[in-house]
$ cat query04.cif   # mmCIF, C-alpha atoms
data_start
#
loop_
_atom_site.label_atom_id
_atom_site.label_comp_id
_atom_site.auth_asym_id
_atom_site.auth_seq_id
_atom_site.Cartn_x
_atom_site.Cartn_y
_atom_site.Cartn_z
CA MET L 1 65.89 99.95 121.27
CA THR L 2 68.99 102.05 120.57
CA ASP L 3 68.89 105.79 119.94
CA ALA L 4 69.68 105.11 116.30
CA GLN L 5 66.74 102.73 116.04
CA GLU L 6 64.50 105.24 117.81
CA THR L 7 65.54 107.75 115.18
CA ALA L 8 64.20 105.39 112.52
CA ALA L 9 60.74 105.61 114.10
CA ASP L 10 60.83 109.41 114.05
CA THR L 11 58.58 110.86 111.32
CA SER L 12 61.16 113.57 110.64
CA LEU L 13 62.96 110.97 108.52
CA ARG L 14 62.33 110.92 104.80
CA THR L 15 59.57 108.81 103.31
CA THR L 16 59.75 106.94 100.00
CA GLY L 17 61.54 108.99 97.37
CA GLY L 18 63.18 111.17 100.01
CA GLY L 19 60.42 113.73 100.46
CA PRO L 20 59.33 114.99 103.88
CA PRO L 21 56.53 113.11 105.69
CA ASP L 22 52.94 114.25 105.49
CA ASP L 23 52.00 116.86 108.05
CA GLY L 24 49.35 114.57 109.43
CA GLY L 25 51.58 111.53 109.72
CA SER L 26 51.63 109.41 112.84
CA SER L 27 54.71 109.35 115.05
CA ALA L 28 54.33 105.60 115.67
CA ALA L 29 56.99 103.22 114.33
CA LYS L 30 56.14 101.87 110.89
CA ALA L 31 57.17 98.88 108.82
CA PRO L 32 60.30 99.44 106.70
CA ILE L 33 59.52 101.55 103.63
CA PRO L 34 60.87 100.52 100.21
CA LEU L 35 63.10 103.25 98.82
CA LEU L 36 62.20 103.15 95.14
CA GLU L 37 63.47 106.36 93.54
CA PRO L 38 66.21 108.93 94.24
CA ARG L 39 64.59 112.13 95.48
CA GLU L 40 65.74 114.18 92.46
CA GLY L 41 65.45 111.27 90.02
CA ILE L 42 68.32 109.42 88.36
CA PRO L 43 71.04 111.91 87.39
CA PRO L 44 72.75 111.70 83.99
CA VAL L 45 76.05 109.82 83.93
CA ILE L 46 79.00 112.24 83.75
CA ALA L 47 81.13 111.13 80.82
CA ASP L 48 83.00 114.23 79.55
CA GLU L 49 85.32 116.88 80.97
CA ALA L 50 82.83 119.77 80.67
CA ALA L 51 80.16 117.95 82.68
CA LEU L 52 82.80 116.82 85.18
CA ALA L 53 83.90 120.43 85.71
CA GLU L 54 80.32 121.36 86.57
CA VAL L 55 80.10 118.52 89.08
CA ILE L 56 83.38 119.54 90.70
CA ALA L 57 82.13 123.11 91.09
CA ALA L 58 78.78 121.97 92.49
CA PHE L 59 80.31 119.61 95.05
CA ALA L 60 82.94 122.15 96.07
CA ALA L 61 80.10 124.58 96.80
CA GLY L 62 78.07 121.98 98.70
CA SER L 63 77.92 121.66 102.46
CA GLY L 64 78.49 118.94 105.03
CA PRO L 65 79.88 115.43 104.49
CA VAL L 66 79.93 113.81 101.05
CA ALA L 67 78.61 110.29 100.51
CA VAL L 68 80.92 108.29 98.23
CA ASP L 69 80.55 104.86 96.66
CA ALA L 70 82.15 102.99 93.76
CA GLU L 71 81.06 100.04 91.66
CA ARG L 72 83.59 97.51 90.36
CA ALA L 73 83.25 94.59 87.96
CA SER L 74 84.67 91.87 90.17
CA GLY L 75 84.27 88.47 88.58
CA TYR L 76 84.01 90.00 85.10
CA ARG L 77 87.09 92.18 84.52
CA TYR L 78 90.77 92.00 85.43
CA GLY L 79 91.71 93.93 88.54
CA GLN L 80 89.54 96.03 90.84
CA ARG L 81 89.16 99.31 88.96
CA ALA L 82 86.08 101.48 89.44
CA TYR L 83 83.48 101.52 86.66
CA LEU L 84 81.08 103.95 88.32
CA VAL L 85 81.55 106.51 91.10
CA GLN L 86 78.56 107.83 93.02
CA LEU L 87 78.55 110.92 95.21
CA ARG L 88 75.95 112.88 97.14
CA ARG L 89 76.28 116.09 99.13
CA ALA L 90 73.87 118.64 100.52
CA GLY L 91 73.54 121.51 98.07
CA ALA L 92 74.94 119.45 95.18
CA GLY L 93 72.59 116.48 94.94
CA THR L 94 73.72 113.15 93.51
CA ALA L 95 76.32 112.65 90.78
CA LEU L 96 77.13 109.49 88.83
CA ILE L 97 80.56 109.60 87.17
CA ASP L 98 81.92 107.22 84.54
CA PRO L 99 85.62 106.78 85.44
CA VAL L 100 86.26 105.03 82.12
CA ALA L 101 85.32 108.18 80.20
CA CYS L 102 86.75 110.44 82.94
CA PRO L 103 89.72 108.46 84.29
CA ASP L 104 91.32 111.36 86.18
CA LEU L 105 89.21 112.56 89.09
CA THR L 106 92.09 114.32 90.85
CA GLY L 107 90.29 117.65 90.52
CA LEU L 108 87.21 116.27 92.25
CA GLY L 109 89.34 114.70 94.96
CA ALA L 110 91.10 118.03 95.54
CA ALA L 111 87.79 119.91 95.72
CA LEU L 112 86.65 117.53 98.48
CA ALA L 113 90.02 117.32 100.25
CA ASP L 114 88.83 119.09 103.39
CA THR L 115 85.44 117.35 103.44
CA GLU L 116 84.53 114.28 105.47
CA TRP L 117 83.79 111.37 103.14
CA VAL L 118 81.12 108.88 104.16
CA LEU L 119 81.68 105.37 102.81
CA HIS L 120 80.29 101.95 103.66
CA ALA L 121 83.12 99.38 104.08
CA ALA L 122 85.69 102.02 103.11
CA THR L 123 88.64 99.65 102.72
CA GLN L 124 86.87 97.95 99.79
CA ASP L 125 86.45 101.14 97.76
CA LEU L 126 89.50 103.22 98.71
CA PRO L 127 92.00 101.32 96.50
CA CYS L 128 89.98 101.82 93.31
CA LEU L 129 89.22 105.44 94.24
CA ARG L 130 92.90 106.08 94.82
CA GLU L 131 93.66 104.83 91.30
CA ILE L 132 91.56 107.63 89.82
CA GLY L 133 92.89 110.38 92.09
CA MET L 134 90.34 110.40 94.90
CA VAL L 135 91.93 110.12 98.35
CA PRO L 136 90.11 111.32 101.49
CA THR L 137 91.84 112.96 104.42
CA ARG L 138 88.84 112.39 106.71
CA LEU L 139 86.19 109.69 106.52
CA PHE L 140 83.31 108.04 108.33
CA ASP L 141 82.82 104.33 107.65
CA THR L 142 79.21 103.36 108.31
CA GLU L 143 79.93 99.63 108.24
CA LEU L 144 82.71 99.91 110.83
CA ALA L 145 80.54 102.25 112.89
CA GLY L 146 77.85 99.58 112.90
CA ARG L 147 80.33 96.97 114.08
CA LEU L 148 81.59 99.15 116.92
CA ALA L 149 78.01 100.00 117.92
CA GLY L 150 77.13 96.32 118.16
CA PHE L 151 74.73 95.90 115.25
CA PRO L 152 74.50 92.21 114.32
CA ARG L 153 74.08 92.87 110.57
CA VAL L 154 76.22 95.59 109.03
CA GLY L 155 75.62 95.35 105.29
CA LEU L 156 74.38 98.64 103.84
CA GLY L 157 70.87 97.34 103.20
CA ALA L 158 70.56 95.87 106.69
CA MET L 159 71.90 99.04 108.31
CA VAL L 160 69.62 101.38 106.37
CA GLU L 161 66.63 99.20 107.28
CA SER L 162 67.42 98.75 110.98
CA VAL L 163 68.60 102.31 111.62
CA LEU L 164 66.58 104.44 109.21
CA GLY L 165 63.58 102.24 108.43
CA PHE L 166 64.01 102.04 104.66
CA VAL L 167 64.52 99.05 102.38
CA LEU L 168 67.14 99.35 99.63
CA GLU L 169 66.85 97.24 96.49
CA LYS L 170 70.08 95.21 96.33
CA GLY L 171 69.53 93.12 93.20
CA HIS L 172 72.33 94.69 91.12
CA SER L 173 75.29 94.46 93.48
CA ALA L 174 77.06 91.71 91.51
CA VAL L 175 76.35 92.79 87.93
CA ASP L 176 79.01 93.62 85.32
CA TRP L 177 79.47 97.34 85.93
CA SER L 178 81.81 97.59 82.92
CA THR L 179 78.69 97.29 80.72
CA ARG L 180 78.06 100.35 78.53
CA PRO L 181 75.63 101.95 78.46
CA LEU L 182 74.61 101.14 82.01
CA PRO L 183 70.92 100.12 82.22
CA GLU L 184 68.59 102.51 84.00
CA PRO L 185 67.70 100.05 86.82
CA TRP L 186 71.40 99.75 87.63
CA LEU L 187 71.79 103.54 87.73
CA ARG L 188 68.77 103.79 90.02
CA TYR L 189 70.32 101.21 92.35
CA ALA L 190 73.66 103.06 92.29
CA SER L 191 71.99 106.40 93.08
CA LEU L 192 70.06 104.93 96.00
CA ASP L 193 73.26 103.53 97.51
CA VAL L 194 74.35 107.09 98.40
CA GLU L 195 70.84 108.50 98.94
CA LEU L 196 70.73 107.94 102.70
CA LEU L 197 74.40 107.39 103.49
CA VAL L 198 74.85 110.73 105.27
CA ASP L 199 71.58 110.17 107.19
CA LEU L 200 72.95 106.80 108.29
CA ARG L 201 76.23 108.42 109.30
CA ASP L 202 74.42 111.00 111.47
CA ALA L 203 72.30 108.37 113.23
CA LEU L 204 75.30 106.15 113.88
CA GLU L 205 77.35 109.05 115.21
CA LYS L 206 74.57 109.74 117.70
CA GLU L 207 74.42 106.08 118.71
CA LEU L 208 78.20 105.78 119.12
CA ASP L 209 78.22 108.92 121.25
CA ARG L 210 75.43 107.49 123.42
CA GLN L 211 77.46 104.32 123.97
CA GLY L 212 80.65 106.25 124.71
CA LYS L 213 82.34 104.82 121.62
CA LEU L 214 82.52 107.82 119.32
CA GLU L 215 86.15 108.61 120.07
CA TRP L 216 87.05 104.96 119.39
CA ALA L 217 85.34 105.16 116.02
CA LEU L 218 87.07 108.42 115.12
CA GLN L 219 90.45 106.83 115.86
CA GLU L 220 89.57 103.89 113.61
CA PHE L 221 88.43 106.17 110.78
CA ASP L 222 91.63 108.20 111.05
CA ALA L 223 93.70 105.00 110.86
CA ILE L 224 91.92 103.97 107.66
CA ALA L 225 92.31 107.39 106.05
CA SER L 226 96.01 107.64 106.90
CA ALA L 227 96.97 104.06 106.00
CA PRO L 228 99.38 103.80 103.04
CA PRO L 229 98.43 101.77 99.97
CA ALA L 230 98.79 98.03 100.53
CA GLU L 231 102.02 96.45 99.37
CA PRO L 232 101.71 94.06 96.39
CA ARG L 233 101.05 90.56 97.66
CA LYS L 234 104.10 88.27 97.61
CA ASP L 235 103.57 85.06 95.64
CA PRO L 236 99.86 85.69 94.95
CA TRP L 237 99.64 82.31 93.20
CA ARG L 238 99.82 80.67 96.63
CA ARG L 239 96.28 81.93 97.29
CA THR L 240 94.87 79.63 94.61
CA SER L 241 91.78 77.97 96.06
CA GLY L 242 92.48 74.32 96.91
CA MET L 243 96.23 74.81 97.45
CA HIS L 244 96.05 72.75 100.63
CA LYS L 245 95.89 69.64 98.44
CA VAL L 246 99.19 70.46 96.71
CA ARG L 247 102.15 69.24 98.74
CA ARG L 248 105.07 68.44 96.43
CA ARG L 249 107.38 71.20 95.24
CA ARG L 250 107.09 70.12 91.59
CA GLN L 251 103.33 70.31 91.87
CA LEU L 252 103.63 73.76 93.42
CA ALA L 253 105.68 74.77 90.38
CA VAL L 254 102.84 73.65 88.10
CA VAL L 255 100.39 75.80 90.07
CA ARG L 256 102.74 78.75 89.78
CA GLU L 257 103.26 78.36 86.00
CA LEU L 258 99.56 77.90 85.29
CA TRP L 259 98.57 80.79 87.57
CA GLN L 260 101.09 83.18 85.99
CA THR L 261 100.08 82.13 82.47
CA ARG L 262 96.42 82.65 83.35
CA ASP L 263 97.17 86.04 84.87
CA ARG L 264 98.97 87.28 81.75
CA ILE L 265 96.09 86.15 79.54
CA ALA L 266 93.46 87.67 81.82
CA GLN L 267 95.30 90.99 81.97
CA ARG L 268 95.71 91.11 78.20
CA ARG L 269 92.04 90.30 77.61
CA ASP L 270 90.82 92.40 80.57
CA VAL L 271 88.72 89.60 82.00
CA SER L 272 88.54 88.00 85.43
CA PRO L 273 91.22 85.27 85.75
CA GLY L 274 88.50 82.82 86.80
CA LYS L 275 86.89 83.22 83.40
CA VAL L 276 90.15 82.15 81.73
CA LEU L 277 90.79 79.07 83.88
CA SER L 278 89.36 78.04 87.23
CA ASP L 279 91.42 77.54 90.38
CA ALA L 280 90.04 74.00 90.57
CA ALA L 281 91.43 73.23 87.10
CA ILE L 282 94.87 74.57 88.07
CA VAL L 283 95.00 72.38 91.17
CA GLU L 284 93.72 69.35 89.24
CA ALA L 285 96.51 69.74 86.66
CA ALA L 286 99.13 70.15 89.41
CA LEU L 287 98.01 66.96 91.14
CA SER L 288 97.76 64.95 87.91
CA MET L 289 100.93 66.23 86.17
CA PRO L 290 99.55 65.34 82.67
CA ALA L 291 102.08 64.02 80.17
CA ASN L 292 100.54 65.75 77.15
CA ALA L 293 97.62 67.89 75.95
CA HIS L 294 95.48 64.80 75.36
CA ALA L 295 95.87 63.77 79.01
CA LEU L 296 95.25 67.36 80.09
CA ALA L 297 91.97 67.44 78.14
CA ALA L 298 90.69 64.53 80.24
CA LEU L 299 90.95 66.57 83.45
CA SER L 300 88.09 68.52 84.98
CA GLY L 301 88.20 72.12 83.81
CA PHE L 302 89.96 71.32 80.53
CA GLY L 303 86.99 69.70 78.80
CA HIS L 304 85.99 69.28 75.18
CA ARG L 305 84.93 72.91 74.84
CA MET L 306 88.57 74.01 75.15
CA GLY L 307 90.33 74.34 71.78
CA ARG L 308 93.55 72.55 70.92
CA ARG L 309 95.58 75.77 70.95
CA GLN L 310 94.37 76.54 74.47
CA LEU L 311 95.16 73.02 75.66
CA GLU L 312 98.66 73.25 74.24
CA GLN L 313 99.13 76.61 75.93
CA TRP L 314 98.26 75.15 79.35
CA GLN L 315 100.29 71.99 78.70
CA SER L 316 103.31 74.15 77.87
CA ALA L 317 103.01 75.73 81.31
CA VAL L 318 102.91 72.27 82.91
CA ASP L 319 105.94 71.22 80.87
CA ARG L 320 107.89 74.30 81.94
CA ALA L 321 107.32 73.36 85.57
CA LYS L 322 108.47 69.80 84.89
CA GLU L 323 111.72 71.05 83.37
CA LEU L 324 112.74 73.27 86.30
CA SER L 325 115.77 72.27 88.33
CA GLU L 326 115.36 71.44 92.00
CA ALA L 327 116.81 74.82 92.93
CA GLN L 328 114.17 76.60 90.83
CA LEU L 329 111.21 74.89 92.49
CA PRO L 330 109.17 76.98 94.95
CA ALA L 331 109.54 76.39 98.65
CA PRO L 332 106.75 74.34 100.30
CA GLY L 333 105.48 77.40 102.14
CA GLN L 334 106.08 81.11 102.50
CA PRO L 335 108.61 82.25 105.11
CA VAL L 336 106.89 82.81 108.44
CA THR L 337 107.53 86.33 109.75
CA GLY L 338 105.43 86.05 112.90
CA PRO L 339 104.43 83.37 115.38
CA PRO L 340 103.77 79.83 114.12
CA PRO L 341 100.16 78.72 113.57
CA PRO L 342 98.37 78.45 116.94
CA ARG L 343 97.72 74.73 116.42
CA ALA L 344 101.50 74.17 116.69
CA TRP L 345 101.97 76.13 119.91
CA ALA L 346 101.23 73.27 122.28
CA ASP L 347 104.18 71.30 120.89
CA LYS L 348 106.59 74.19 120.34
CA ASP L 349 105.90 76.21 123.50
CA PRO L 350 103.23 74.92 125.92
CA ALA L 351 103.58 78.01 128.12
CA ALA L 352 102.85 80.29 125.15
CA ALA L 353 99.87 78.11 124.24
CA ALA L 354 98.49 78.53 127.74
CA ARG L 355 99.02 82.30 127.58
CA LEU L 356 97.20 82.48 124.27
CA ALA L 357 94.23 80.46 125.51
CA THR L 358 93.88 82.69 128.56
CA ALA L 359 94.28 85.87 126.52
CA ARG L 360 91.78 84.80 123.88
CA ALA L 361 89.15 84.02 126.51
CA ALA L 362 89.72 87.35 128.26
CA VAL L 363 89.59 89.39 125.05
CA SER L 364 86.46 87.55 123.93
CA ALA L 365 84.74 88.28 127.24
CA LEU L 366 85.69 91.95 127.04
CA ALA L 367 84.41 92.22 123.46
CA GLU L 368 81.13 90.66 124.52
CA ARG L 369 80.74 93.16 127.36
CA LEU L 370 81.41 96.00 124.91
CA SER L 371 78.98 94.54 122.32
CA MET L 372 81.42 94.48 119.43
CA PRO L 373 83.21 91.83 117.36
CA GLN L 374 86.40 90.59 118.96
CA GLU L 375 88.48 91.40 115.87
CA ASN L 376 87.42 95.07 116.08
CA LEU L 377 88.47 95.27 119.71
CA ILE L 378 91.96 93.98 118.83
CA THR L 379 93.21 91.95 115.89
CA PRO L 380 93.81 88.24 116.60
CA ASP L 381 97.28 88.58 115.05
CA THR L 382 98.24 91.23 117.59
CA VAL L 383 97.12 89.01 120.47
CA ARG L 384 99.14 86.08 119.05
CA ARG L 385 102.29 88.15 118.66
CA VAL L 386 102.16 89.55 122.17
CA CYS L 387 101.46 86.11 123.65
CA TRP L 388 104.22 84.41 121.66
CA GLU L 389 106.89 86.95 122.65
CA PRO L 390 105.59 88.83 125.71
CA PRO L 391 107.54 91.90 126.81
CA GLU L 392 109.95 91.56 129.70
CA PRO L 393 109.03 92.35 132.36
CA VAL L 394 105.27 92.12 131.93
CA SER L 395 103.70 95.38 133.07
CA ALA L 396 100.98 97.74 131.97
CA ASP L 397 103.56 100.01 130.34
CA SER L 398 105.42 97.24 128.52
CA VAL L 399 102.25 95.59 127.22
CA ALA L 400 100.85 98.96 126.11
CA ARG L 401 104.07 99.65 124.19
CA ALA L 402 103.91 96.22 122.58
CA LEU L 403 100.31 96.74 121.48
CA SER L 404 101.12 100.17 120.06
CA GLY L 405 104.09 98.70 118.24
CA HIS L 406 101.77 96.25 116.49
CA GLY L 407 99.49 99.07 115.32
CA ALA L 408 96.81 99.08 118.00
CA ARG L 409 95.02 102.41 118.37
CA PRO L 410 95.07 104.29 121.72
CA TRP L 411 91.52 103.24 122.62
CA GLN L 412 92.40 99.59 121.99
CA VAL L 413 95.58 99.86 124.04
CA GLU L 414 93.66 101.37 126.94
CA LEU L 415 91.01 98.64 126.96
CA VAL L 416 93.05 95.57 126.12
CA THR L 417 96.21 96.21 128.17
CA PRO L 418 94.70 95.21 131.56
CA VAL L 419 93.29 91.89 130.28
CA LEU L 420 96.54 90.99 128.50
CA VAL L 421 98.64 91.87 131.55
CA ALA L 422 96.46 89.51 133.58
CA ALA L 423 96.70 86.76 130.95
CA LEU L 424 100.47 87.08 130.55
CA SER L 425 100.98 87.09 134.33
CA ALA L 426 98.75 84.08 135.01
#
$ encode --input "query04.cif" --output "structure tokens"
Amino acid sequence: MTDAQETAADTSLRTTGGGPPDDGGSSAAKAPIPLLEPREGIPPVIADEAALAEVIAAFAAGSGPVAVDAERASGYRYGQRAYLVQLRRAGAGTALIDPVACPDLTGLGAALADTEWVLHAATQDLPCLREIGMVPTRLFDTELAGRLAGFPRVGLGAMVESVLGFVLEKGHSAVDWSTRPLPEPWLRYASLDVELLVDLRDALEKELDRQGKLEWALQEFDAIASAPPAEPRKDPWRRTSGMHKVRRRRQLAVVRELWQTRDRIAQRRDVSPGKVLSDAAIVEAALSMPANAHALAALSGFGHRMGRRQLEQWQSAVDRAKELSEAQLPAPGQPVTGPPPPRAWADKDPAAAARLATARAAVSALAERLSMPQENLITPDTVRRVCWEPPEPVSADSVARALSGHGARPWQVELVTPVLVAALSA
């Protein structure tokens, strides 16, 4: 049992509802306890500037780390904007903020600028928080901490149960958070998501320190907090599900035209693109190249429930692709900026393929000894790049510089350099 798991058995932890345990409680480990209500009840949703100002003042006066979470409407609305922001801090309690009614949370972000933010799977929420003016300078990611500490299940519910001994109700994670007003059960769920996040952070910090991994985690958290916003994806239409079936350039053009048409409609209507037209329907049309709207209507995804105007709209996109000149057709694939796919290495460069096989096995063995996922020890892409074009000459210094150049953190460089030097020298 880890220290963090031992902490879960300690009766000093909160019982259901967040209150302290009974004075006469047993210190023996108990079955996980359902966490049914926030300790101060469900707070009102902040939806005007006056109430927001009070929250900002309260959280600025609070103490310790602040738990932060955001709910999106993925699968329902266009984009990844936040539709609810949840926070909890000692001395301030829990706050639920409606970022539709209060779209500028820059003041709140500034009030918490010097505070450590505790998030679970931070990279999922940071983009939508950034859109509304909330950008942390320091953070603690409980999901990543769980990975580094070797927990086999790192979802928030699993972590809270295994580390703290409480069961979170997770039935509302995929609902349409753009719904207004938000139902009370959803608000209860949202409040509970930040109820024990700081407790989880504290237990994981203790466990990481026990394992000698705390400094590694702090470097990872700093890298997340200091990372710039992601660049817009080039040719996002190429990520259409089922694209592997589309091989001809003219068919690729049909996918592109349909995808772009769908995206414009989805953005205008503020709905998920998948609710406008499925990826499967786009690929089906590209493979079939229908001659007219009647032929299009016979394809899967364009059935009888689709009106004539909609069919003509999609057929127009197909026709535009048909009319493009050869020079206007998309290339079969995106330009490769790094090494070729590993499956091609044996033919292109057998020596590099051998290096990669040796390196992968060594990195995997090291990750297993450290009880963490291999991709958290070092990204597979970094290993591929170093193996495809190893530094000359191969030495501890040259490999360390190469790893750093590909974005590896100091702790990763220190651990991975020896095994890569051995693999590259074999």
$ residues_around --input "query04.cif" --residues "Gly301 in chain L" --least-positions-apart "3" --cutoff "8 Å" --atoms "only C-alpha atoms" --output "ChimeraX atom specification"
/L:277-278,280-281
$ residues_around --input "query04.cif" --residues "range 182-185 of chain L" --least-positions-apart "5" --cutoff "10 Å" --atoms "all atoms listed in the file" --output "list of chain:residue names"
L:Ile42, L:Val45, L:Leu84, L:Asp98, L:Gly171, L:His172, L:Asp176, L:Trp177, L:Ala190, L:Ser191
$ atom_distance --input "query04.cif" --atom1 "CA of Ser178 in chain L" --atom2 "CA of Ala230 in chain L"
24.5 Å
$ residues_around --input "query04.cif" --residues "range 387-395 of chain L" --least-positions-apart "4" --cutoff "10 Å" --atoms "only C-alpha atoms" --output "PyMOL selection string"
chain L and resi 338-340+342+345+349+351-360+381-383+399-402+417-418+420-425
$ axis_aligned_box --input "query04.cif" --around "range 89-103 of chain L" --padding-each-side "4 Å" --output "JSON"
{"center_x": 81.2, "center_y": 113.3, "center_z": 90.4, "size_x": 25.1, "size_y": 24.5, "size_z": 28.3}
$ atom_distance --input "query04.cif" --atom1 "CA of Ile282 in chain L" --atom2 "CA of Arg233 in chain L"
19.6 Å
$ closest_residue --input "query04.cif" --among "L:Leu252, L:Val66, L:Ala95, L:Ala145" --to "Asn376 in chain L" --atoms "only C-alpha atoms"
L:Ala145
$ atom_distance --input "query04.cif" --atom1 "CA of Pro43 in chain L" --atom2 "CA of Arg77 in chain L"
25.6 Å
$ decode --input "query04.cif" --residues "range 148-169 of chain L" --atoms "N, CA and C atoms" --output "PDB file, in the first residue's frame"
ATOM      1  N   LEU L 148       2.719   9.567 -13.020  1.00  0.00           N
ATOM      2  CA  LEU L 148       4.115   9.507 -12.592  1.00  0.00           C
ATOM      3  C   LEU L 148       4.270   8.638 -11.347  1.00  0.00           C
ATOM      4  N   ALA L 149       3.247   8.620 -10.492  1.00  0.00           N
ATOM      5  CA  ALA L 149       3.320   7.815  -9.268  1.00  0.00           C
ATOM      6  C   ALA L 149       3.002   6.346  -9.506  1.00  0.00           C
ATOM      7  N   GLY L 150       2.563   6.014 -10.729  1.00  0.00           N
ATOM      8  CA  GLY L 150       2.348   4.614 -11.059  1.00  0.00           C
ATOM      9  C   GLY L 150       0.960   4.080 -10.794  1.00  0.00           C
ATOM     10  N   PHE L 151      -0.016   4.956 -10.626  1.00  0.00           N
ATOM     11  CA  PHE L 151      -1.390   4.468 -10.432  1.00  0.00           C
ATOM     12  C   PHE L 151      -1.926   3.917 -11.750  1.00  0.00           C
ATOM     13  N   PRO L 152      -2.545   2.745 -11.737  1.00  0.00           N
ATOM     14  CA  PRO L 152      -3.012   2.142 -12.989  1.00  0.00           C
ATOM     15  C   PRO L 152      -4.227   2.835 -13.583  1.00  0.00           C
ATOM     16  N   ARG L 153      -5.064   3.477 -12.750  1.00  0.00           N
ATOM     17  CA  ARG L 153      -6.251   4.181 -13.238  1.00  0.00           C
ATOM     18  C   ARG L 153      -6.161   5.618 -12.746  1.00  0.00           C
ATOM     19  N   VAL L 154      -6.189   6.564 -13.691  1.00  0.00           N
ATOM     20  CA  VAL L 154      -5.919   7.959 -13.307  1.00  0.00           C
ATOM     21  C   VAL L 154      -7.069   8.903 -13.620  1.00  0.00           C
ATOM     22  N   GLY L 155      -8.256   8.387 -13.941  1.00  0.00           N
ATOM     23  CA  GLY L 155      -9.422   9.255 -14.027  1.00  0.00           C
ATOM     24  C   GLY L 155      -9.708   9.856 -12.659  1.00  0.00           C
ATOM     25  N   LEU L 156     -10.389  11.003 -12.626  1.00  0.00           N
ATOM     26  CA  LEU L 156     -10.618  11.670 -11.348  1.00  0.00           C
ATOM     27  C   LEU L 156     -11.366  10.772 -10.373  1.00  0.00           C
ATOM     28  N   GLY L 157     -12.430  10.112 -10.841  1.00  0.00           N
ATOM     29  CA  GLY L 157     -13.186   9.245  -9.947  1.00  0.00           C
ATOM     30  C   GLY L 157     -12.341   8.122  -9.383  1.00  0.00           C
ATOM     31  N   ALA L 158     -11.546   7.486 -10.249  1.00  0.00           N
ATOM     32  CA  ALA L 158     -10.695   6.381  -9.799  1.00  0.00           C
ATOM     33  C   ALA L 158      -9.637   6.859  -8.808  1.00  0.00           C
ATOM     34  N   MET L 159      -9.075   8.049  -9.071  1.00  0.00           N
ATOM     35  CA  MET L 159      -8.035   8.566  -8.180  1.00  0.00           C
ATOM     36  C   MET L 159      -8.608   8.939  -6.818  1.00  0.00           C
ATOM     37  N   VAL L 160      -9.752   9.611  -6.808  1.00  0.00           N
ATOM     38  CA  VAL L 160     -10.360   9.995  -5.537  1.00  0.00           C
ATOM     39  C   VAL L 160     -10.705   8.752  -4.718  1.00  0.00           C
ATOM     40  N   GLU L 161     -11.173   7.707  -5.393  1.00  0.00           N
ATOM     41  CA  GLU L 161     -11.534   6.480  -4.682  1.00  0.00           C
ATOM     42  C   GLU L 161     -10.309   5.757  -4.144  1.00  0.00           C
ATOM     43  N   SER L 162      -9.274   5.582  -4.989  1.00  0.00           N
ATOM     44  CA  SER L 162      -8.115   4.795  -4.562  1.00  0.00           C
ATOM     45  C   SER L 162      -7.231   5.555  -3.581  1.00  0.00           C
ATOM     46  N   VAL L 163      -7.177   6.876  -3.689  1.00  0.00           N
ATOM     47  CA  VAL L 163      -6.282   7.654  -2.835  1.00  0.00           C
ATOM     48  C   VAL L 163      -6.986   8.170  -1.581  1.00  0.00           C
ATOM     49  N   LEU L 164      -8.218   8.654  -1.752  1.00  0.00           N
ATOM     50  CA  LEU L 164      -8.912   9.294  -0.632  1.00  0.00           C
ATOM     51  C   LEU L 164     -10.045   8.468  -0.050  1.00  0.00           C
ATOM     52  N   GLY L 165     -10.485   7.418  -0.776  1.00  0.00           N
ATOM     53  CA  GLY L 165     -11.509   6.554  -0.227  1.00  0.00           C
ATOM     54  C   GLY L 165     -12.929   7.047  -0.391  1.00  0.00           C
ATOM     55  N   PHE L 166     -13.159   7.927  -1.376  1.00  0.00           N
ATOM     56  CA  PHE L 166     -14.506   8.415  -1.646  1.00  0.00           C
ATOM     57  C   PHE L 166     -14.919   8.074  -3.072  1.00  0.00           C
ATOM     58  N   VAL L 167     -16.213   7.917  -3.276  1.00  0.00           N
ATOM     59  CA  VAL L 167     -16.749   7.616  -4.595  1.00  0.00           C
ATOM     60  C   VAL L 167     -17.465   8.850  -5.127  1.00  0.00           C
ATOM     61  N   LEU L 168     -17.018   9.350  -6.285  1.00  0.00           N
ATOM     62  CA  LEU L 168     -17.676  10.477  -6.937  1.00  0.00           C
ATOM     63  C   LEU L 168     -18.713   9.965  -7.919  1.00  0.00           C
ATOM     64  N   GLU L 169     -19.842  10.631  -7.984  1.00  0.00           N
ATOM     65  CA  GLU L 169     -20.871  10.302  -8.969  1.00  0.00           C
ATOM     66  C   GLU L 169     -20.445  10.926 -10.296  1.00  0.00           C
TER      67      GLU L 169
END
